[in-house]
Each structure stands twice: as C-alpha cells, then as structure tokens.
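Chemist: Here you go, one structure.
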Amino acid sequence: MREGLNEQALGLLDEAIAEAVNRRDALWIRVLCRRASVVANFMGNFQLERQYHEQSLAVSPEDPLALYGLAKVALNLGELEVAQQHAKKCYEAILRSDDEIVKQGLTDLVLKNWPEVARK
C-alpha cells in the first residue's frame, strides 16, 4: 500500500512539475523537484531521484541543494568519483551563494562527506 501512495505522490508532483515547466517557473520547478527527489529516495529509487535533481539543475545550474543531492545519489550508487565531482560543484556554488542558511547548513554536510573539496 505504501508503494502505491508513493507512486501517487510522484504522479501528482510530476503533474505539478509539468505545469511549472509550462509556466517557466524556475522556483516552483526547483521546489517540486526537491520534494519529488525526497519521495524517490524514500522509495530507494536513486535513478529517479537523480532525474529530479537533474531536472532542477536544468533551470538552475547553480542550485547547491540539487548539486548536493546528485553527490549523495552518486555516493549511494557507489560512484565515488562522480560523487566527489558533484560535491566540488556544490561547494563552489555554496561559496557563491547569497543564502546564508544554505551556506551554513549545506557546507557542513558537504565537508563532512567530502572534506577534500575545500582543499582543491
């Protein structure tokens, strides 16, 4: 039953994402893709989770949260080099960001998993 609810949730989110894409509303695309990626992660569907992060990055290439999400997906799939590349992009995007909340919280998460990105 839970699987069916997750699929329903993703269906609703996909419809909302499509509407946001039609309206060219980058903020809502990012917000909805982030929610959908959480559901996909909960389901253990890392490929789908990756697709949502990539869709978010298509409209906002500097989105640190989506870049971090891609790094975590790659790590979960055992793609360590890819994970580190995304983590480095994420760290660089954080440094350029004006969002102090994202800077503070996400920097700690990135450096916890990939401390080497701060040294390169």
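Just remember, in the structure tokens the first chain shown is A, the second B, etc., residues are 1-based per chain, and ligands are 1-based in the order shown.
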Please list as JSON, numbers by chain every residue within 12 Å of range 57-63 of chain A, counting only C-alpha atoms and excluding residues in the same chain fewer than 4 positions away.
Modeler: {"A": [17, 20, 21, 24, 25, 26, 27, 28, 29, 30, 31, 33, 34, 50, 51, 52, 53, 67, 68, 69, 70, 86, 87, 88, 89, 90, 91, 92, 93, 94, 95, 96, 97, 98, 99, 102, 103, 106]}
Chemist: Save the residues we just selected, C-alpha atoms, as an mmCIF file, in the first residue's frame?
Modeler:
data_model
loop_
_atom_site.group_PDB
_atom_site.id
_atom_site.type_symbol
_atom_site.label_atom_id
_atom_site.label_comp_id
_atom_site.auth_asym_id
_atom_site.auth_seq_id
_atom_site.Cartn_x
_atom_site.Cartn_y
_atom_site.Cartn_z
ATOM 1 C CA ILE A 17 6.334 19.966 -12.276
ATOM 2 C CA ALA A 20 5.627 24.724 -13.620
ATOM 3 C CA VAL A 21 7.740 23.893 -16.685
ATOM 4 C CA ARG A 24 8.649 28.580 -16.972
ATOM 5 C CA ASP A 25 8.555 28.991 -13.200
ATOM 6 C CA ALA A 26 12.083 28.045 -12.146
ATOM 7 C CA LEU A 27 11.417 28.468 -8.433
ATOM 8 C CA TRP A 28 8.480 26.032 -8.443
ATOM 9 C CA ILE A 29 10.364 23.581 -10.648
ATOM 10 C CA ARG A 30 13.162 23.533 -8.079
ATOM 11 C CA VAL A 31 10.791 23.240 -5.104
ATOM 12 C CA CYS A 33 11.722 18.526 -7.947
ATOM 13 C CA ARG A 34 13.233 18.681 -4.479
ATOM 14 C CA ARG A 50 18.902 11.660 -9.869
ATOM 15 C CA GLN A 51 16.477 12.615 -12.652
ATOM 16 C CA TYR A 52 14.653 15.048 -10.380
ATOM 17 C CA HIS A 53 17.911 16.713 -9.301
ATOM 18 C CA LEU A 67 24.131 19.523 -6.649
ATOM 19 C CA TYR A 68 24.383 18.056 -3.152
ATOM 20 C CA GLY A 69 21.509 15.714 -3.994
ATOM 21 C CA LEU A 70 23.384 14.481 -7.080
ATOM 22 C CA HIS A 86 29.227 16.939 -7.749
ATOM 23 C CA ALA A 87 30.309 17.719 -4.182
ATOM 24 C CA LYS A 88 33.018 20.048 -5.513
ATOM 25 C CA LYS A 89 30.496 21.840 -7.758
ATOM 26 C CA CYS A 90 28.144 22.062 -4.797
ATOM 27 C CA TYR A 91 30.838 23.526 -2.538
ATOM 28 C CA GLU A 92 31.751 26.116 -5.169
ATOM 29 C CA ALA A 93 28.073 27.030 -5.636
ATOM 30 C CA ILE A 94 27.689 27.398 -1.867
ATOM 31 C CA LEU A 95 30.599 29.820 -1.759
ATOM 32 C CA ARG A 96 28.959 31.943 -4.495
ATOM 33 C CA SER A 97 25.515 31.800 -2.866
ATOM 34 C CA ASP A 98 23.880 34.708 -1.054
ATOM 35 C CA ASP A 99 21.711 32.348 1.002
ATOM 36 C CA VAL A 102 22.099 27.200 2.797
ATOM 37 C CA LYS A 103 25.727 28.235 3.239
ATOM 38 C CA LEU A 106 24.999 22.628 3.481
#
Chemist: Quick one: residues within 9 Å of Ala36 in chain A, only C-alpha atoms counted, chain neighbours fewer than 5 positions away excluded, as a PDB file with C-alpha atoms, in the first residue's frame?
Modeler:
ATOM      1  CA  ALA A   9       2.569  11.306  -4.727  1.00  0.00           C
ATOM      2  CA  LEU A  10       5.109  11.205  -7.548  1.00  0.00           C
ATOM      3  CA  LEU A  13       4.344  16.015  -8.251  1.00  0.00           C
ATOM      4  CA  ASP A  14       5.106  15.165 -11.885  1.00  0.00           C
ATOM      5  CA  VAL A  31      10.791  23.240  -5.104  1.00  0.00           C
ATOM      6  CA  ASN A  41      14.940   8.496  -2.253  1.00  0.00           C
ATOM      7  CA  LEU A  48      14.650   8.556 -10.362  1.00  0.00           C
ATOM      8  CA  GLU A  49      15.994  10.740  -7.583  1.00  0.00           C
ATOM      9  CA  TYR A  52      14.653  15.048 -10.380  1.00  0.00           C
TER      10      TYR A  52
END
Chemist: Report the residues of chain A whose backbone DSSP state falls under alpha helix (DSSP H), written as an NGL selection string.
Modeler: :A and (2-23 or 26-42 or 46-59 or 64-76 or 80-96 or 100-113)
Chemist: Rounded to one decimal, what separation in Å do you get between CA of Ala83 in chain A and CA of Leu65 in chain A?
Modeler: 13.7 Å
